[in-house]
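Participant: Below: one structure in structure tokens.
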Amino acid sequence: MPIRQKVFFLTIALLLLVAIIELIRRRRLRVEYSWLWIASGVTIIVLILRYELLIQITVAVGAVVPTSTIFFFCILYLALLSLNYSVRLTELTRQVKELAQEIALLRAEEARPQRPDRGGSHS
Amino acid sequence: MSTPLPVLIVIPAWNEAANLAAVVTELRASRPHDGIAIVDDGSLDATSEEARRLGCVLLRLPLHLGYGVAVQTGIKYALRAGDRIVVTFDGDGQHDPAEVEALVAAVREGADVAVGSRFLSAASYRGGPSRRTGRWVFSQLAGALTGIRLTDPTSGLKALGPRAQSLFASTRFPDRFPDADALVLARRARLVIVERPACMRRSQNRHSMHGGYRAVAYTFNMLLSLLVAASGRESDLRG
């Protein structure tokens, strides 16, 4: 890997890491979601510094050129990431629905205070 | 059974301000002892004001979340208010209050879910050919998946006993596609489902959810949802 390429990609990877850490520090990114991004940044740096590792992976999966290894894993990574977002969106949708229903029920309760409180179970 | 369970009629309403007065007045005349809860599903018109003016229980959702979520809100209200029979009733005037009694009676006699069917009634409801085909397909599929034979699985007129309410208030309830799928779910939870004839009218002001290009997407999603409802372990549904 030519030195010019190495410097260029290393700079980008480091900027990415700094951005991630800064986002966590400013509480813009929740800590539990951040390990994935830090891991991604570190992986890029490791692959730049130890290019032979990428070649070993390429041989291991039976690919011909390292670039296709990179592209394959990037696409796989993005696909898994969006699958993960879908799962989270589903959960968020359910939470929004339940909050909306709770608001409707609380408003109704407020509107008729004469109804005796049955002390529903809060599990 | 000493005193019979009181009945709560749940009317999911989305922009139905114009129809509510007629529907509620007619219901009250025919069923003076039943409670009426109107679920305002994020309407942009005066649905909530209308419900309040008519003296109904108002459950106002802050967002438009769809028919299934609205119905489930009414069920949750009924569960918190204590033991009740829930009747789901459309706010657009297509259901006839006279048909409610047979459904309530079926639940009192031990059914968990009683469905009002347009096809068992003497006065036949037809609908367009695409709707009829769709209903037939769902009916066949639901039958194949669960062993229930229902003539009208997409009917919105239903009476629910306490066990069905608990099931439909849970996260297992298919709130995006509640018609046939909820019945599949109920069947798998070993609830007793019966059908009673119910004649329906043409609705006065229908913003149909089964029209145009959306029908294709709806059908596909509903089939998928049906498969989901029919899958999963039965043990999860009980207890």
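Following the order of the structure tokens, chains are lettered A, B, ..., residues in each are numbered from 1, and ligands are numbered from 1.
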Residues of chain A no more than 8 Å from chain B, counting only C-alpha atoms: send them over as a list in words.
Facilitator: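 Listed by rising number, the hits are Lys97, Ala100, Gln101, Ile103, Ala104, Leu105, Arg107, Ala108, Arg118 and Gly120 of chain A.
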Participant: Save the residues we just selected, C-alpha atoms, as an mmCIF file, in the first residue's frame?
Facilitator:
```cif
data_model
loop_
_atom_site.group_PDB
_atom_site.id
_atom_site.type_symbol
_atom_site.label_atom_id
_atom_site.label_comp_id
_atom_site.auth_asym_id
_atom_site.auth_seq_id
_atom_site.Cartn_x
_atom_site.Cartn_y
_atom_site.Cartn_z
ATOM 1 C CA LYS A 97 -48.104 3.545 20.189
ATOM 2 C CA ALA A 100 -50.196 7.516 22.742
ATOM 3 C CA GLN A 101 -52.676 5.003 24.132
ATOM 4 C CA ILE A 103 -52.168 9.516 27.000
ATOM 5 C CA ALA A 104 -55.663 8.782 25.686
ATOM 6 C CA LEU A 105 -56.480 6.663 28.737
ATOM 7 C CA ARG A 107 -57.027 12.035 29.555
ATOM 8 C CA ALA A 108 -60.212 9.998 29.853
ATOM 9 C CA ARG A 118 -59.432 0.789 40.905
ATOM 10 C CA GLY A 120 -54.750 -1.051 38.307
#
```
Participant: Do you know which residues are at most 12 Å from region 35-37 of chain A counting only C-alpha atoms, after dropping those on the same chain fewer than 4 positions away, and could you put them as number ranges by chain?
Facilitator: A: 13, 16-21, 23-24, 29-31, 41-44, 77-78, 80-81, 84
Participant: Atoms to include: C-alpha atoms. Write the selected residues as a PDB file, in the first residue's frame.
Facilitator:
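The file below, part.pdb, is the result:
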```
ATOM      1  CA  ALA A  13     -10.221   7.055   9.923  1.00  0.00           C
ATOM      2  CA  LEU A  16     -14.109   9.543  12.055  1.00  0.00           C
ATOM      3  CA  LEU A  17     -12.962   8.375  15.478  1.00  0.00           C
ATOM      4  CA  VAL A  18     -12.637  11.938  16.751  1.00  0.00           C
ATOM      5  CA  ALA A  19     -16.141  12.735  15.473  1.00  0.00           C
ATOM      6  CA  ILE A  20     -17.569   9.685  17.244  1.00  0.00           C
ATOM      7  CA  ILE A  21     -15.887  10.469  20.554  1.00  0.00           C
ATOM      8  CA  LEU A  23     -20.569  13.053  19.688  1.00  0.00           C
ATOM      9  CA  ILE A  24     -20.535  10.810  22.748  1.00  0.00           C
ATOM     10  CA  LEU A  29     -24.819   9.732  20.658  1.00  0.00           C
ATOM     11  CA  ARG A  30     -25.897   7.265  23.294  1.00  0.00           C
ATOM     12  CA  VAL A  31     -23.038   5.275  24.755  1.00  0.00           C
ATOM     13  CA  GLY A  41     -13.167   3.168  13.153  1.00  0.00           C
ATOM     14  CA  VAL A  42     -10.586   0.958  14.843  1.00  0.00           C
ATOM     15  CA  THR A  43     -11.060  -1.800  12.248  1.00  0.00           C
ATOM     16  CA  ILE A  44     -10.299   0.655   9.444  1.00  0.00           C
ATOM     17  CA  TYR A  77     -21.881  -4.415   7.363  1.00  0.00           C
ATOM     18  CA  LEU A  78     -24.285  -1.765   6.022  1.00  0.00           C
ATOM     19  CA  LEU A  80     -26.730  -5.656   8.973  1.00  0.00           C
ATOM     20  CA  LEU A  81     -26.692  -2.107  10.254  1.00  0.00           C
ATOM     21  CA  ASN A  84     -30.552  -3.432  13.196  1.00  0.00           C
TER      22      ASN A  84
END
```
Participant: Would you mind reading off the distance between CA of Ser34 (chain A) and CA of Gln95 (chain A), one decimal, in Å?
Facilitator: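 Atom-to-atom, CA of Ser34 (chain A) and CA of Gln95 (chain A) are spaced 22.2 Å apart.
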Participant: Could you give me the residues within chain A that DSSP places in alpha helix (DSSP H), as a PyMOL selection string?
Facilitator: chain A and resi 3-25+31-49+51-61+66-111
Participant: Find the residues around region 56-62 of chain A up to 12 Å (only C-alpha atoms counted), leave out those fewer than 6 positions away in its own chain, and share them as a ChimeraX atom specification.
Facilitator: /A:47,50,68-73
Participant: Kindly give the distance, in Å, that separates CA of Pro2 (chain A) and CA of Leu49 (chain A), rounded to a single decimal.
Facilitator: 11.5 Å
Participant: As a list of chain:residue names, list the residues of region 29-163 of chain B assigned to strand (DSSP E or B) by DSSP on the backbone atoms of this structure.
Facilitator: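 Matching residues, listed in order: B:Gly35, B:Ile36, B:Ala37, B:Ile38, B:Val39, B:Asp40, B:Asp41, B:Val57, B:Leu58, B:Leu59, B:Arg60, B:Leu61, B:Ile85, B:Val86, B:Val87, B:Thr88, B:Val113, B:Ala114, B:Val115, B:Gly116, B:Ser117, B:Lys158, B:Ala159, B:Leu160.
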Participant: Could you jot down the CA of Leu160 (chain B) to CA of Arg172 (chain B) separation for me, Å, one decimal place?
Facilitator: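 Separation of CA of Leu160 (chain B) and CA of Arg172 (chain B): 16.3 Å.
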Participant: So which residues touch Met200 (chain B) within 7 Å, counting only C-alpha atoms, skipping near sequence neighbours fewer than 4 positions away, as a ChimeraX atom specification?
Facilitator: /B:94-96,118,125
Participant: Mind writing the picked residues with N, CA and C atoms as a PDB file, in the first residue's frame?
Facilitator:
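Result written to again.pdb:
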```pdb
ATOM      1  N   GLN B  94     -72.251   2.263   9.129  1.00  0.00           N
ATOM      2  CA  GLN B  94     -72.505   1.054   8.333  1.00  0.00           C
ATOM      3  C   GLN B  94     -73.021  -0.099   9.191  1.00  0.00           C
ATOM      4  N   HIS B  95     -72.837  -0.017  10.512  1.00  0.00           N
ATOM      5  CA  HIS B  95     -73.348  -1.078  11.377  1.00  0.00           C
ATOM      6  C   HIS B  95     -74.719  -0.705  11.942  1.00  0.00           C
ATOM      7  N   ASP B  96     -75.525  -1.728  12.148  1.00  0.00           N
ATOM      8  CA  ASP B  96     -76.879  -1.529  12.639  1.00  0.00           C
ATOM      9  C   ASP B  96     -76.925  -1.912  14.121  1.00  0.00           C
ATOM     10  N   ARG B 118     -71.620 -10.427   7.405  1.00  0.00           N
ATOM     11  CA  ARG B 118     -72.515  -9.920   6.371  1.00  0.00           C
ATOM     12  C   ARG B 118     -73.072 -11.052   5.530  1.00  0.00           C
ATOM     13  N   TYR B 125     -75.048  -8.642   1.541  1.00  0.00           N
ATOM     14  CA  TYR B 125     -74.131  -7.563   1.241  1.00  0.00           C
ATOM     15  C   TYR B 125     -73.212  -8.076   0.165  1.00  0.00           C
TER      16      TYR B 125
END
```
